[in-house]
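S.K.: Provided below: structure-v6.cif, containing mmCIF, C-alpha atoms.
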data_structure
#
loop_
_atom_site.label_atom_id
_atom_site.label_comp_id
_atom_site.auth_asym_id
_atom_site.auth_seq_id
_atom_site.Cartn_x
_atom_site.Cartn_y
_atom_site.Cartn_z
CA MET A 1 0.00 0.00 0.00
CA ASN A 2 1.25 3.51 -0.77
CA ASP A 3 0.20 7.09 -0.06
CA ALA A 4 -1.12 7.88 -3.55
CA THR A 5 -4.77 8.75 -4.07
CA THR A 6 -6.76 5.78 -5.44
CA PRO A 7 -9.75 6.07 -7.80
CA SER A 8 -12.04 5.20 -4.92
CA ASP A 9 -11.04 8.28 -2.94
CA PRO A 10 -14.02 10.62 -2.62
CA LYS A 11 -11.90 13.78 -3.03
CA PRO A 12 -9.32 14.72 -5.66
CA ALA A 13 -5.64 14.92 -4.79
CA SER A 14 -5.63 18.70 -5.06
CA THR A 15 -7.99 19.30 -2.11
CA PRO A 16 -6.59 20.42 1.27
CA ASP A 17 -7.88 17.27 2.97
CA SER A 18 -5.89 15.03 0.66
CA VAL A 19 -2.76 17.10 1.30
CA GLU A 20 -3.06 16.34 5.03
CA ARG A 21 -3.40 12.59 4.35
CA ARG A 22 0.27 12.05 3.64
CA GLY A 23 1.28 9.84 6.56
CA ALA A 24 1.55 6.08 6.82
CA PHE A 25 -1.49 4.42 5.23
CA GLY A 26 -2.82 7.87 4.35
CA PHE A 27 -3.56 8.91 7.95
CA PRO A 28 -3.53 12.63 8.89
CA LEU A 29 -0.19 13.87 10.19
CA HIS A 30 0.38 15.66 13.48
CA ALA A 31 1.44 19.28 13.05
CA ASN A 32 4.74 18.73 14.94
CA ARG A 33 5.52 15.23 13.64
CA ALA A 34 8.22 16.36 11.22
CA THR A 35 9.98 18.39 13.94
CA ALA A 36 9.85 15.51 16.43
CA LEU A 37 11.23 12.99 13.92
CA GLY A 38 13.85 15.32 12.50
CA GLU A 39 15.32 16.40 15.83
CA ILE A 40 17.66 13.40 16.00
CA HIS A 41 19.06 14.41 12.61
CA SER A 42 19.39 18.13 13.42
CA ARG A 43 23.04 17.77 14.49
CA PRO A 44 24.69 15.31 12.10
CA ALA A 45 28.16 14.24 13.19
CA PRO A 46 30.85 14.95 10.58
CA SER A 47 32.63 12.11 8.87
CA VAL A 48 36.34 12.55 9.62
CA SER A 49 39.30 10.48 8.51
CA ALA A 50 42.75 10.92 10.03
CA PRO A 51 44.82 12.92 9.44
CA ARG A 52 42.54 15.95 9.61
CA ALA A 53 42.39 19.42 11.17
CA LEU A 54 39.18 20.91 12.57
CA ILE A 55 38.23 24.35 13.88
CA LYS A 56 34.93 24.99 15.62
CA LEU A 57 33.74 28.46 16.67
CA CYS A 58 30.71 29.22 18.81
CA PHE A 59 29.03 32.63 18.54
CA MET A 60 26.37 33.99 20.88
CA THR A 61 23.42 34.91 18.67
CA GLU A 62 20.48 34.58 21.16
CA GLY A 63 18.70 32.31 18.69
CA GLY A 64 18.57 34.94 15.96
CA SER A 65 18.60 33.12 12.62
CA THR A 66 18.48 36.27 10.48
CA VAL A 67 22.14 37.17 10.98
CA ASP A 68 23.26 33.55 10.55
CA HIS A 69 21.30 33.29 7.32
CA ALA A 70 22.94 36.45 5.98
CA VAL A 71 26.41 35.14 6.90
CA LEU A 72 25.76 31.73 5.33
CA SER A 73 24.30 33.29 2.21
CA GLU A 74 27.46 35.39 1.77
CA LEU A 75 29.74 32.39 2.37
CA SER A 76 27.70 30.24 0.00
CA ARG A 77 27.97 32.89 -2.70
CA ARG A 78 31.75 33.03 -2.30
CA HIS A 79 32.14 29.28 -2.65
CA GLY A 80 29.47 28.74 -5.30
CA SER A 81 26.99 26.89 -3.07
CA ALA A 82 23.26 27.30 -2.65
CA PRO A 83 22.24 29.31 0.44
CA PRO A 84 20.31 27.55 3.24
CA GLU A 85 16.61 27.89 3.87
CA LYS A 86 15.60 30.51 6.41
CA GLN A 87 14.26 27.91 8.86
CA ALA A 88 17.23 25.53 8.47
CA ARG A 89 19.12 24.44 11.59
CA HIS A 90 22.25 23.12 9.87
CA HIS A 91 24.00 23.73 6.55
CA THR A 92 27.20 22.54 4.86
CA ILE A 93 29.41 24.46 2.43
CA VAL A 94 32.34 22.97 0.48
CA THR A 95 35.36 25.30 0.75
CA GLY A 96 38.05 23.98 -1.56
CA LYS A 97 39.76 21.07 0.18
CA GLY A 98 37.64 21.52 3.29
CA THR A 99 34.03 21.83 4.38
CA LEU A 100 32.22 24.32 6.60
CA GLN A 101 29.30 23.03 8.66
CA TRP A 102 26.90 25.40 10.47
CA GLU A 103 24.50 24.52 13.29
CA ARG A 104 21.97 26.72 15.07
CA HIS A 105 21.31 26.28 18.80
CA THR A 106 19.05 27.99 21.32
CA GLU A 107 21.25 30.98 22.10
CA ALA A 108 24.30 30.30 19.97
CA SER A 109 25.44 29.08 16.57
CA THR A 110 28.52 27.02 15.71
CA TYR A 111 30.72 26.92 12.61
CA LEU A 112 32.84 23.79 12.08
CA TRP A 113 35.56 23.70 9.45
CA GLN A 114 37.63 20.67 8.61
CA GLY A 115 40.50 20.59 6.20
CA PRO A 116 44.03 19.37 5.53
CA LEU A 117 46.34 18.82 8.48
CA PRO A 118 49.67 20.72 8.54
CA ALA A 119 52.88 18.78 8.81
CA GLU A 120 53.83 20.32 12.15
CA PHE A 121 51.58 20.33 15.20
CA GLY A 122 50.19 23.78 15.91
CA ALA A 123 51.27 25.26 12.57
CA PRO A 124 48.89 27.78 10.93
CA LEU A 125 45.99 26.18 9.11
CA LEU A 126 45.32 27.11 5.49
CA GLY A 127 42.04 27.12 3.61
CA HIS A 128 39.66 27.93 6.46
CA PRO A 129 37.22 30.86 6.04
CA PHE A 130 37.83 32.37 9.47
CA GLY A 131 39.63 35.66 9.27
CA GLU A 132 39.11 39.35 8.82
CA GLU A 133 36.72 38.74 5.92
CA PHE A 134 34.53 36.33 7.91
CA PRO A 135 31.27 38.13 8.85
CA ALA A 136 30.88 37.02 12.47
CA PRO A 137 27.17 36.60 13.38
CA GLY A 138 27.76 37.54 17.05
CA THR A 139 30.27 37.61 19.87
CA LEU A 140 32.69 34.68 20.09
CA ILE A 141 32.26 32.61 23.25
CA ALA A 142 34.33 29.50 22.46
CA GLY A 143 36.82 28.34 19.85
CA VAL A 144 38.47 24.94 19.49
CA ARG A 145 41.25 23.67 17.23
CA MET A 146 41.47 19.90 16.92
CA GLU A 147 44.13 17.87 15.16
CA ILE A 148 43.40 14.22 14.40
CA ARG A 149 46.58 12.27 13.70
CA GLU A 150 47.47 8.63 13.41
CA HIS A 151 48.70 7.07 16.63
CA THR A 152 52.44 6.54 16.31
CA PRO A 153 55.35 6.71 18.76
CA ALA A 154 56.34 10.02 17.18
CA ALA A 155 52.80 11.36 17.60
CA MET A 156 52.89 10.62 21.33
CA GLU A 157 55.79 13.04 21.60
CA LEU A 158 53.37 15.85 20.62
CA ILE A 159 52.02 15.73 24.17
CA ALA A 160 55.05 17.79 25.14
CA HIS A 161 53.49 20.80 23.38
CA PHE A 162 50.79 21.03 26.08
CA ASP A 163 51.04 22.69 29.49
CA PRO A 164 51.95 19.96 31.99
CA ALA A 165 50.17 21.84 34.81
CA THR A 166 46.74 21.24 33.26
CA LEU A 167 47.51 18.38 30.87
CA CYS A 168 44.72 15.81 30.48
CA CYS A 169 45.24 12.58 28.53
CA SER A 170 42.83 9.66 28.30
CA SER A 171 42.24 6.55 26.26
CA VAL A 172 38.74 6.36 24.76
CA GLU A 173 36.65 4.36 22.30
CA GLY A 174 37.80 1.10 23.84
CA GLY A 175 41.47 1.97 23.34
CA LEU A 176 41.08 3.01 19.68
CA ALA A 177 41.92 6.67 20.38
CA THR A 178 43.87 8.87 22.76
CA ILE A 179 42.64 12.41 23.50
CA VAL A 180 44.93 15.15 24.80
CA THR A 181 44.33 18.76 25.86
CA ASP A 182 45.36 21.32 28.47
CA PHE A 183 42.20 23.49 28.15
CA ARG A 184 44.38 26.51 27.39
CA GLN A 185 44.13 28.84 24.42
CA ASP A 186 46.84 29.29 21.83
CA ALA A 187 47.91 32.58 20.23
CA SER A 188 44.71 32.60 18.14
CA GLY A 189 42.50 32.16 21.22
CA LEU A 190 41.62 28.55 20.39
CA THR A 191 41.67 25.58 22.78
CA GLN A 192 44.06 22.93 21.48
CA ILE A 193 42.89 19.29 21.33
CA LEU A 194 44.91 16.40 19.96
CA VAL A 195 43.28 13.10 18.95
CA LEU A 196 45.52 10.13 18.17
CA ASP A 197 43.62 7.60 16.05
CA LYS A 198 44.38 3.87 16.24
CA GLY A 199 42.03 2.77 13.48
CA MET A 200 38.58 4.22 14.05
CA SER A 201 36.07 4.49 11.23
CA PRO A 202 35.32 7.98 9.82
CA GLN A 203 31.87 7.99 11.40
CA ARG A 204 33.22 6.97 14.80
CA THR A 205 35.99 9.58 14.55
CA GLY A 206 33.44 12.27 13.67
CA ALA A 207 31.21 11.31 16.62
CA LEU A 208 34.20 11.45 18.98
CA ALA A 209 35.22 14.86 17.62
CA GLN A 210 31.69 16.17 18.13
CA ARG A 211 31.63 14.99 21.76
CA LEU A 212 34.99 16.65 22.44
CA PHE A 213 33.80 19.90 20.85
CA ASP A 214 30.63 19.77 22.95
CA ILE A 215 32.62 19.32 26.17
CA GLU A 216 34.72 22.41 25.53
CA ILE A 217 31.89 24.62 24.21
CA TYR A 218 29.23 23.65 26.74
CA ARG A 219 31.56 23.86 29.73
CA THR A 220 32.31 27.45 28.61
CA LEU A 221 28.61 28.23 28.25
CA ALA A 222 27.93 26.67 31.65
CA MET A 223 30.46 29.01 33.25
CA LEU A 224 28.53 32.09 32.07
CA GLY A 225 26.39 31.79 35.18
CA LEU A 226 29.39 32.35 37.48
CA PRO A 227 29.93 36.09 36.76
CA LEU A 228 26.22 36.68 37.29
CA ALA A 229 26.31 34.77 40.58
CA GLN A 230 29.31 36.82 41.70
CA ARG A 231 27.48 40.07 40.90
CA LEU A 232 24.31 39.00 42.69
CA SER A 233 25.99 37.67 45.83
CA PRO A 234 26.79 41.11 47.39
CA ARG A 235 23.30 42.36 46.54
CA MET A 236 21.76 39.34 48.23
CA ARG A 237 23.97 39.81 51.29
CA LYS A 238 22.75 43.40 51.54
CA ALA A 239 19.13 42.28 51.13
CA GLU A 240 19.57 39.64 53.84
CA ASP A 241 20.94 42.27 56.24
CA GLN A 242 18.04 44.60 55.45
CA LEU A 243 15.55 41.79 56.02
CA ALA A 244 17.14 40.96 59.40
CA ALA A 245 16.92 44.61 60.46
CA LEU A 246 13.30 44.88 59.31
CA THR A 247 12.26 41.73 61.17
CA ASN A 248 13.87 43.05 64.37
CA ARG A 249 11.89 46.28 64.00
CA MET A 250 8.72 44.28 63.48
CA ARG A 251 8.80 43.02 67.07
CA SER A 252 8.01 46.41 68.58
CA ALA A 253 6.26 48.06 65.67
CA ASP A 254 2.83 49.59 66.18
CA ALA A 255 0.19 49.97 63.50
CA ASP A 256 1.68 53.15 62.03
CA MET A 257 5.20 51.68 61.94
CA ALA A 258 3.87 48.44 60.45
CA GLU A 259 2.60 50.28 57.40
CA SER A 260 5.98 51.94 56.79
CA LEU A 261 7.77 48.61 57.35
CA LEU A 262 5.42 46.95 54.89
CA ASP A 263 6.34 49.56 52.28
CA GLU A 264 10.06 48.91 52.86
CA ILE A 265 9.66 45.14 52.62
CA THR A 266 7.57 45.47 49.46
CA ALA A 267 10.27 47.62 47.84
CA LEU A 268 12.97 45.13 48.89
CA ALA A 269 10.93 42.21 47.56
CA ALA A 270 10.45 44.01 44.23
CA ASP A 271 14.23 44.48 43.84
CA LEU A 272 14.83 40.85 44.72
CA GLU A 273 12.22 39.57 42.26
CA ALA A 274 13.81 41.69 39.54
CA ASP A 275 17.19 40.05 40.22
CA ALA A 276 15.58 36.60 40.30
CA ALA A 277 13.78 37.18 37.01
CA SER A 278 16.93 38.47 35.30
CA SER A 279 18.98 35.47 36.46
CA LEU A 280 16.37 32.76 35.95
CA TYR A 281 17.33 31.92 32.37
CA ARG A 282 21.09 32.15 32.88
CA PHE A 283 21.17 29.85 35.91
CA GLY A 284 18.82 27.39 34.24
CA ALA A 285 20.96 27.36 31.10
CA SER A 286 24.13 26.82 33.17
CA ARG A 287 22.57 23.76 34.82
CA ALA A 288 21.52 22.37 31.45
CA TYR A 289 24.94 22.96 29.87
CA ASP A 290 26.69 21.37 32.85
CA GLU A 291 24.48 18.29 32.51
CA ILE A 292 25.37 18.07 28.81
CA VAL A 293 29.07 18.18 29.68
CA HIS A 294 28.66 15.30 32.12
CA ASP A 295 26.64 13.35 29.54
CA ARG A 296 29.42 13.78 26.98
CA LEU A 297 32.03 12.72 29.54
CA ASP A 298 29.99 9.62 30.31
CA ALA A 299 29.78 8.83 26.60
CA LEU A 300 33.57 9.08 26.23
CA GLY A 301 34.18 6.09 28.51
CA GLU A 302 37.62 7.34 29.50
CA GLU A 303 40.36 4.96 30.53
CA LEU A 304 43.23 6.24 32.63
CA VAL A 305 46.60 6.72 30.95
CA THR A 306 49.35 6.24 33.50
CA GLY A 307 50.91 9.51 34.56
CA TYR A 308 48.14 11.77 33.25
CA GLU A 309 44.85 13.11 34.54
CA THR A 310 41.55 12.30 32.85
CA TRP A 311 39.28 14.93 31.31
CA ARG A 312 36.52 14.11 33.78
CA GLY A 313 38.76 14.40 36.82
CA PHE A 314 40.08 17.78 35.72
CA LEU A 315 36.73 19.29 34.69
CA VAL A 316 34.81 18.05 37.71
CA ARG A 317 37.44 19.46 40.06
CA ARG A 318 37.63 22.82 38.28
CA THR A 319 34.01 23.46 37.30
CA ALA A 320 32.09 21.89 40.20
CA PRO A 321 32.78 24.81 42.61
CA ALA A 322 31.49 27.32 40.05
CA MET A 323 28.34 25.29 39.45
CA ARG A 324 27.78 24.97 43.19
CA THR A 325 28.16 28.73 43.50
CA CYS A 326 25.48 29.27 40.86
CA ARG A 327 23.14 26.81 42.55
CA SER A 328 23.83 28.37 45.94
CA VAL A 329 23.00 31.87 44.72
CA GLU A 330 19.87 30.58 42.99
CA ASP A 331 18.75 28.80 46.17
CA ARG A 332 19.52 31.90 48.27
CA LEU A 333 17.38 33.99 45.92
CA ALA A 334 14.49 31.57 46.29
CA ASN A 335 14.82 31.31 50.09
CA LEU A 336 15.15 35.07 50.52
CA SER A 337 12.09 35.58 48.36
CA ARG A 338 10.08 33.20 50.56
CA LYS A 339 11.29 34.92 53.76
CA LEU A 340 10.32 38.32 52.38
CA ALA A 341 6.91 36.98 51.48
CA ARG A 342 6.40 35.62 55.02
CA ALA A 343 7.54 38.89 56.59
CA ALA A 344 5.20 40.85 54.32
CA THR A 345 2.35 38.50 55.27
CA LEU A 346 3.01 39.03 59.00
CA LEU A 347 3.09 42.79 58.61
CA ARG A 348 0.00 42.76 56.44
CA THR A 349 -1.77 40.69 59.12
CA LYS A 350 -0.70 43.18 61.78
CA VAL A 351 -1.99 46.08 59.70
CA ASP A 352 -5.25 44.24 59.02
CA VAL A 353 -5.77 43.59 62.74
CA ALA A 354 -5.18 47.27 63.50
CA VAL A 355 -7.63 48.27 60.77
CA GLU A 356 -10.23 45.84 62.11
CA LYS A 357 -9.79 47.29 65.59
CA GLN A 358 -10.31 50.80 64.20
CA ASN A 359 -13.40 49.60 62.36
CA ARG A 360 -14.74 48.03 65.57
CA ASP A 361 -14.22 51.28 67.50
CA LEU A 362 -15.84 53.22 64.68
CA LEU A 363 -18.86 50.93 64.66
CA HIS A 364 -19.14 51.24 68.46
CA SER A 365 -19.10 55.04 68.26
CA MET A 366 -21.65 54.93 65.44
CA ASN A 367 -23.88 52.70 67.55
CA THR A 368 -23.64 55.10 70.51
CA ARG A 369 -24.40 58.05 68.25
CA ALA A 370 -27.41 56.22 66.82
CA LYS A 371 -28.77 55.62 70.32
CA LEU A 372 -28.36 59.28 71.18
CA GLN A 373 -30.12 60.25 68.00
CA LEU A 374 -32.97 57.90 68.84
CA ARG A 375 -33.39 59.44 72.30
CA LEU A 376 -33.27 62.92 70.82
CA GLN A 377 -35.85 61.89 68.25
CA GLN A 378 -38.15 60.53 70.97
CA THR A 379 -37.78 63.82 72.90
CA VAL A 380 -38.60 65.80 69.79
CA GLU A 381 -41.62 63.59 69.18
CA GLY A 382 -42.94 64.38 72.72
CA LEU A 383 -42.45 68.08 72.16
CA SER A 384 -44.08 67.84 68.75
CA VAL A 385 -47.18 66.22 70.35
CA ALA A 386 -47.47 69.15 72.77
CA ALA A 387 -46.92 71.73 70.04
CA VAL A 388 -49.42 70.19 67.62
CA SER A 389 -51.94 69.73 70.44
CA TYR A 390 -51.55 73.41 71.37
CA TYR A 391 -52.34 74.51 67.83
CA VAL A 392 -55.29 72.08 67.52
CA VAL A 393 -56.75 73.25 70.86
CA GLY A 394 -56.38 76.83 69.67
CA LEU A 395 -58.37 75.99 66.55
CA ILE A 396 -61.04 74.32 68.68
CA ALA A 397 -61.22 77.44 70.87
CA TYR A 398 -61.92 79.56 67.81
CA VAL A 399 -64.61 77.13 66.67
CA VAL A 400 -66.22 77.09 70.15
CA LYS A 401 -66.31 80.87 70.32
CA GLY A 402 -68.09 80.93 66.99
CA LEU A 403 -70.75 78.49 68.20
CA GLU A 404 -71.48 80.64 71.31
CA PRO A 405 -72.07 77.79 73.86
CA LYS A 406 -72.97 80.42 76.52
CA ARG A 407 -76.53 80.42 75.21
CA PHE A 408 -76.80 76.91 76.59
CA GLY A 409 -75.21 77.83 79.93
CA ILE A 410 -71.83 76.31 79.06
CA PRO A 411 -68.81 78.61 79.04
CA ASP A 412 -66.56 78.38 75.96
CA THR A 413 -63.47 77.89 78.16
CA ALA A 414 -65.04 74.76 79.67
CA VAL A 415 -65.56 73.26 76.21
CA THR A 416 -61.99 74.06 75.28
CA ALA A 417 -60.70 72.53 78.52
CA VAL A 418 -62.69 69.33 77.95
CA ALA A 419 -61.27 69.06 74.39
CA VAL A 420 -57.60 69.31 75.50
CA PRO A 421 -57.13 65.68 76.75
CA PHE A 422 -58.95 64.24 73.76
CA VAL A 423 -56.80 66.28 71.38
CA VAL A 424 -53.55 65.29 73.14
CA LEU A 425 -54.50 61.59 73.10
CA ALA A 426 -55.46 61.77 69.42
CA ILE A 427 -52.21 63.52 68.40
CA TRP A 428 -50.17 61.08 70.49
CA ALA A 429 -51.92 58.10 68.85
CA VAL A 430 -51.28 59.49 65.39
CA VAL A 431 -47.56 60.13 66.08
CA ARG A 432 -47.21 56.67 67.62
CA ARG A 433 -48.81 55.06 64.60
CA ILE A 434 -46.52 56.93 62.21
CA ARG A 435 -43.40 55.94 64.20
CA ARG A 436 -44.52 52.29 64.33
CA SER A 437 -45.09 52.22 60.57
CA HIS A 438 -41.60 53.64 59.99
CA SER A 439 -40.10 51.01 62.32
CA ASP A 440 -41.88 48.17 60.46
CA GLY A 441 -40.59 49.53 57.14
CA ALA A 442 -37.03 49.66 58.47
CA HIS A 443 -37.18 46.03 59.61
#
Show this structure as C-alpha cells.
M.R.:
Amino acid sequence: MNDATTPSDPKPASTPDSVERRGAFGFPLHANRATALGEIHSRPAPSVSAPRALIKLCFMTEGGSTVDHAVLSELSRRHGSAPPEKQARHHTIVTGKGTLQWERHTEASTYLWQGPLPAEFGAPLLGHPFGEEFPAPGTLIAGVRMEIREHTPAAMELIAHFDPATLCCSSVEGGLATIVTDFRQDASGLTQILVLDKGMSPQRTGALAQRLFDIEIYRTLAMLGLPLAQRLSPRMRKAEDQLAALTNRMRSADADMAESLLDEITALAADLEADAASSLYRFGASRAYDEIVHDRLDALGEELVTGYETWRGFLVRRTAPAMRTCRSVEDRLANLSRKLARAATLLRTKVDVAVEKQNRDLLHSMNTRAKLQLRLQQTVEGLSVAAVSYYVVGLIAYVVKGLEPKRFGIPDTAVTAVAVPFVVLAIWAVVRRIRRSHSDGAH
C-alpha cells in the first residue's frame, strides 16, 4: 500500500484534505511530527578520517537566525553553493579542500571547518574561512582547534606541546583513540585538542570529535552563570541584612510603623524579584549545559593513561565549585524571596488587625451616636405632640367661640378645657402610629 490517491477516494488529490493525508497508510499527520522525527538528525556528526584538522567556533546569537542566514548566504555565494533555507538548523558548504558546517542552537550558533592537516603540530591552518573577511554573526564565546593524527610513537611526543600543569590525557573508544588537551588557548585564542587515532572508522571519529567539541563549548557556556552569581551575591547579602533589620523592628512596631515597614519590605521584595527574574534563564541554562558536559564525559568512557589526569577528573574538580556557587546563589534567591513573602504577610496581618480594631471602635461610636439620635428623636416627638396639640386646641377654641355655647349655659373655656385631653390623646396616637409604621418599614 502507498500514499497515492486511489480512484475510490471521494476527493481529488488537489484538495486540502488530501494534502493532510500524507502519513503512513494515508492517515492525517500531526502538526509537529516532522519536527519531532527530524530532531535526532538536526546535528549530524561529521565524517572525519585521520589525518585531519578541525576548527569549531561558537558565537552567541540569542537564537537569531536572520544574521546567521545572511552570513551563510554570503559564504555560500563566495564558494558557489546554494544558500540555506531561512528555517534551516544546519548547513554545509564545500570550501576547496575543506568543508564548513553550520549549526543553530538555542542561544548560539557554531561553525565547524575541517580541512588538511599541517605537517607540524600547531602550525597555521590554510584554507579555512575564518579571518578578517569572515562576517561574524555575534560575539565569540568559544573556539576549538582539533588535530586528528594517526597514533604513532612520534605522535605521542606531541604531548610535550601542552602545558603539563593542566595536561589531560585519556584513552577512549575502547582503546582506539587517545585524546589530549590542556584546556588553554593558543595565540589565536583557540583551545588545542589532539586526537591520536588507532584505526577508528570515519563515522566513529566524527562522533568522537563532536563529543569533544561539545565538552569544551558547553563547559564554557555553563560558566557564564558564574559572573552573574558573583554580581548577585553582594546584593543578596545586603538584602539579607536589610531583612534581618526589618524583622527586628517588626517586634516592637505599632500599627503606624507596620505600614511603613510593609512599604520597605515590598520595595525590597520588588528588587529581589527583579534580580531573580533576570537570572532565571542564565542559571537554568548553566545547569543544562553542565548536565550536557557530564553526559558527553559519560559517553567518552575514559580509561586512565598512566601519569596523566583524565578529562573528567580535571573538569569536575575545576568546574564543580562554580556550578555549586550558581546553585547556591539561585537557592539563596528563592529562600530570601520566601522569607520576604512571610515577613510581608506578617506585617500585612498586623496592619489588618489594626484596621479591624479601628473599624470596631468606629462601629461602636456609630452605635452610641445612633442611640443618642434615637433618644433625641423621641424627645422631639414628645415636644411635637405638645406643640401640635396646642395649635389644635387653639383651633377648637376659635370654633367654640363661633358656636357661642354660653346660650346653653356652658362657658366656651369649659368646652376648650374638655377638648384638650382628647386632642392630646389623638395627636399622640397618630404620632405613635406613624413611628410604628416607619419602624416596620425599616425592619
S.K.: What's the 9 Å shell around Leu246 in chain A, counting all atoms listed in the file, without same-chain residues fewer than 2 positions away, as an NGL selection string?
M.R.: :A and (241-244 or 248-250 or 261 or 264-265 or 343)
S.K.: How many Å lie between CA of Leu57 in chain A and CA of Gly143 in chain A, rounded to one decimal?
M.R.: 4.4 Å
S.K.: Name the residues that the PyMOL selection byres ((chain A and resi 427-439) around 12) picks from the file above, as an MDAnalysis selection string, using the file's chain letters and numbers.
M.R.: chainID A and resid 374 377:378 380:393 420:426 440:443
S.K.: Work out how far CA of Ala177 in chain A is from CA of Val195 in chain A, in Å to one decimal.
M.R.: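 Interatomic distance here is 6.7 Å.
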S.K.: With distances taken over only C-alpha atoms, which residue among A:Glu107, A:Thr349, A:His69, A:Pro46 lies nearest Glu259 in chain A?
M.R.: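 Among the listed residues, the smallest separation from Glu259 in chain A belongs to A:Thr349.
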S.K.: Between A:Ile292, A:Leu347, A:Val172, A:Ala165, which has the minimum distance to Ser252 in chain A (counting all atoms listed in the file)?
M.R.: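 The closest residue to Ser252 in chain A is A:Leu347.
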S.K.: Show me, as number ranges by chain, the residues that have an atom within 6 Å of Gln101 in chain A when counting all atoms listed in the file, minus same-chain residues fewer than 6 positions from it.
M.R.: A: 91-92, 111-112
S.K.: Just so the selection is clear, what residues does the PyMOL selection byres ((chain A and resi 142) around 7) cover here, as a list of chain:residue names?
M.R.: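 The output of the PyMOL selection byres ((chain A and resi 142) around 7) on this file is A:Leu57, A:Cys58, A:Leu140, A:Ile141, A:Gly143, A:Val144, A:Ile217, A:Thr220.
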S.K.: Please save C-alpha atoms of the selected residues as an mmCIF file, in the frame of the given file.
M.R.:
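For reference, out.cif as written:
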data_model
loop_
_atom_site.group_PDB
_atom_site.id
_atom_site.type_symbol
_atom_site.label_atom_id
_atom_site.label_comp_id
_atom_site.auth_asym_id
_atom_site.auth_seq_id
_atom_site.Cartn_x
_atom_site.Cartn_y
_atom_site.Cartn_z
ATOM 1 C CA LEU A 57 33.740 28.460 16.670
ATOM 2 C CA CYS A 58 30.710 29.220 18.810
ATOM 3 C CA LEU A 140 32.690 34.680 20.090
ATOM 4 C CA ILE A 141 32.260 32.610 23.250
ATOM 5 C CA GLY A 143 36.820 28.340 19.850
ATOM 6 C CA VAL A 144 38.470 24.940 19.490
ATOM 7 C CA ILE A 217 31.890 24.620 24.210
ATOM 8 C CA THR A 220 32.310 27.450 28.610
#
S.K.: Kindly output range 133-144 of chain A as a PDB file, in the coordinates of the input, after building N, CA, C and O atoms.
M.R.:
ATOM      1  N   GLU A 133      37.830  38.656   6.850  1.00  0.00           N
ATOM      2  CA  GLU A 133      36.720  38.740   5.920  1.00  0.00           C
ATOM      3  C   GLU A 133      35.517  37.907   6.366  1.00  0.00           C
ATOM      4  O   GLU A 133      34.471  37.944   5.718  1.00  0.00           O
ATOM      5  N   PHE A 134      35.652  37.157   7.450  1.00  0.00           N
ATOM      6  CA  PHE A 134      34.530  36.330   7.910  1.00  0.00           C
ATOM      7  C   PHE A 134      33.524  37.213   8.654  1.00  0.00           C
ATOM      8  O   PHE A 134      33.868  37.855   9.657  1.00  0.00           O
ATOM      9  N   PRO A 135      32.278  37.280   8.187  1.00  0.00           N
ATOM     10  CA  PRO A 135      31.270  38.130   8.850  1.00  0.00           C
ATOM     11  C   PRO A 135      30.702  37.445  10.087  1.00  0.00           C
ATOM     12  O   PRO A 135      29.735  36.685  10.009  1.00  0.00           O
ATOM     13  N   ALA A 136      31.299  37.694  11.235  1.00  0.00           N
ATOM     14  CA  ALA A 136      30.880  37.020  12.470  1.00  0.00           C
ATOM     15  C   ALA A 136      29.422  37.355  12.787  1.00  0.00           C
ATOM     16  O   ALA A 136      29.027  38.523  12.780  1.00  0.00           O
ATOM     17  N   PRO A 137      28.584  36.348  13.083  1.00  0.00           N
ATOM     18  CA  PRO A 137      27.170  36.600  13.380  1.00  0.00           C
ATOM     19  C   PRO A 137      26.916  37.114  14.797  1.00  0.00           C
ATOM     20  O   PRO A 137      25.798  37.500  15.126  1.00  0.00           O
ATOM     21  N   GLY A 138      27.933  37.095  15.664  1.00  0.00           N
ATOM     22  CA  GLY A 138      27.760  37.540  17.050  1.00  0.00           C
ATOM     23  C   GLY A 138      29.089  37.557  17.761  1.00  0.00           C
ATOM     24  O   GLY A 138      30.153  37.525  17.127  1.00  0.00           O
ATOM     25  N   THR A 139      29.048  37.605  19.070  1.00  0.00           N
ATOM     26  CA  THR A 139      30.270  37.610  19.870  1.00  0.00           C
ATOM     27  C   THR A 139      30.776  36.173  20.046  1.00  0.00           C
ATOM     28  O   THR A 139      29.991  35.254  20.300  1.00  0.00           O
ATOM     29  N   LEU A 140      32.078  36.001  19.946  1.00  0.00           N
ATOM     30  CA  LEU A 140      32.690  34.680  20.090  1.00  0.00           C
ATOM     31  C   LEU A 140      32.741  34.283  21.553  1.00  0.00           C
ATOM     32  O   LEU A 140      33.233  35.035  22.395  1.00  0.00           O
ATOM     33  N   ILE A 141      32.238  33.101  21.875  1.00  0.00           N
ATOM     34  CA  ILE A 141      32.260  32.610  23.250  1.00  0.00           C
ATOM     35  C   ILE A 141      33.211  31.440  23.414  1.00  0.00           C
ATOM     36  O   ILE A 141      33.786  31.246  24.482  1.00  0.00           O
ATOM     37  N   ALA A 142      33.436  30.654  22.358  1.00  0.00           N
ATOM     38  CA  ALA A 142      34.330  29.500  22.460  1.00  0.00           C
ATOM     39  C   ALA A 142      34.909  29.196  21.092  1.00  0.00           C
ATOM     40  O   ALA A 142      34.242  29.353  20.063  1.00  0.00           O
ATOM     41  N   GLY A 143      36.141  28.753  21.077  1.00  0.00           N
ATOM     42  CA  GLY A 143      36.820  28.340  19.850  1.00  0.00           C
ATOM     43  C   GLY A 143      37.732  27.171  20.139  1.00  0.00           C
ATOM     44  O   GLY A 143      38.467  27.162  21.133  1.00  0.00           O
ATOM     45  N   VAL A 144      37.707  26.158  19.277  1.00  0.00           N
ATOM     46  CA  VAL A 144      38.470  24.940  19.490  1.00  0.00           C
ATOM     47  C   VAL A 144      39.208  24.578  18.196  1.00  0.00           C
ATOM     48  O   VAL A 144      38.631  24.643  17.102  1.00  0.00           O
TER      49      VAL A 144
END
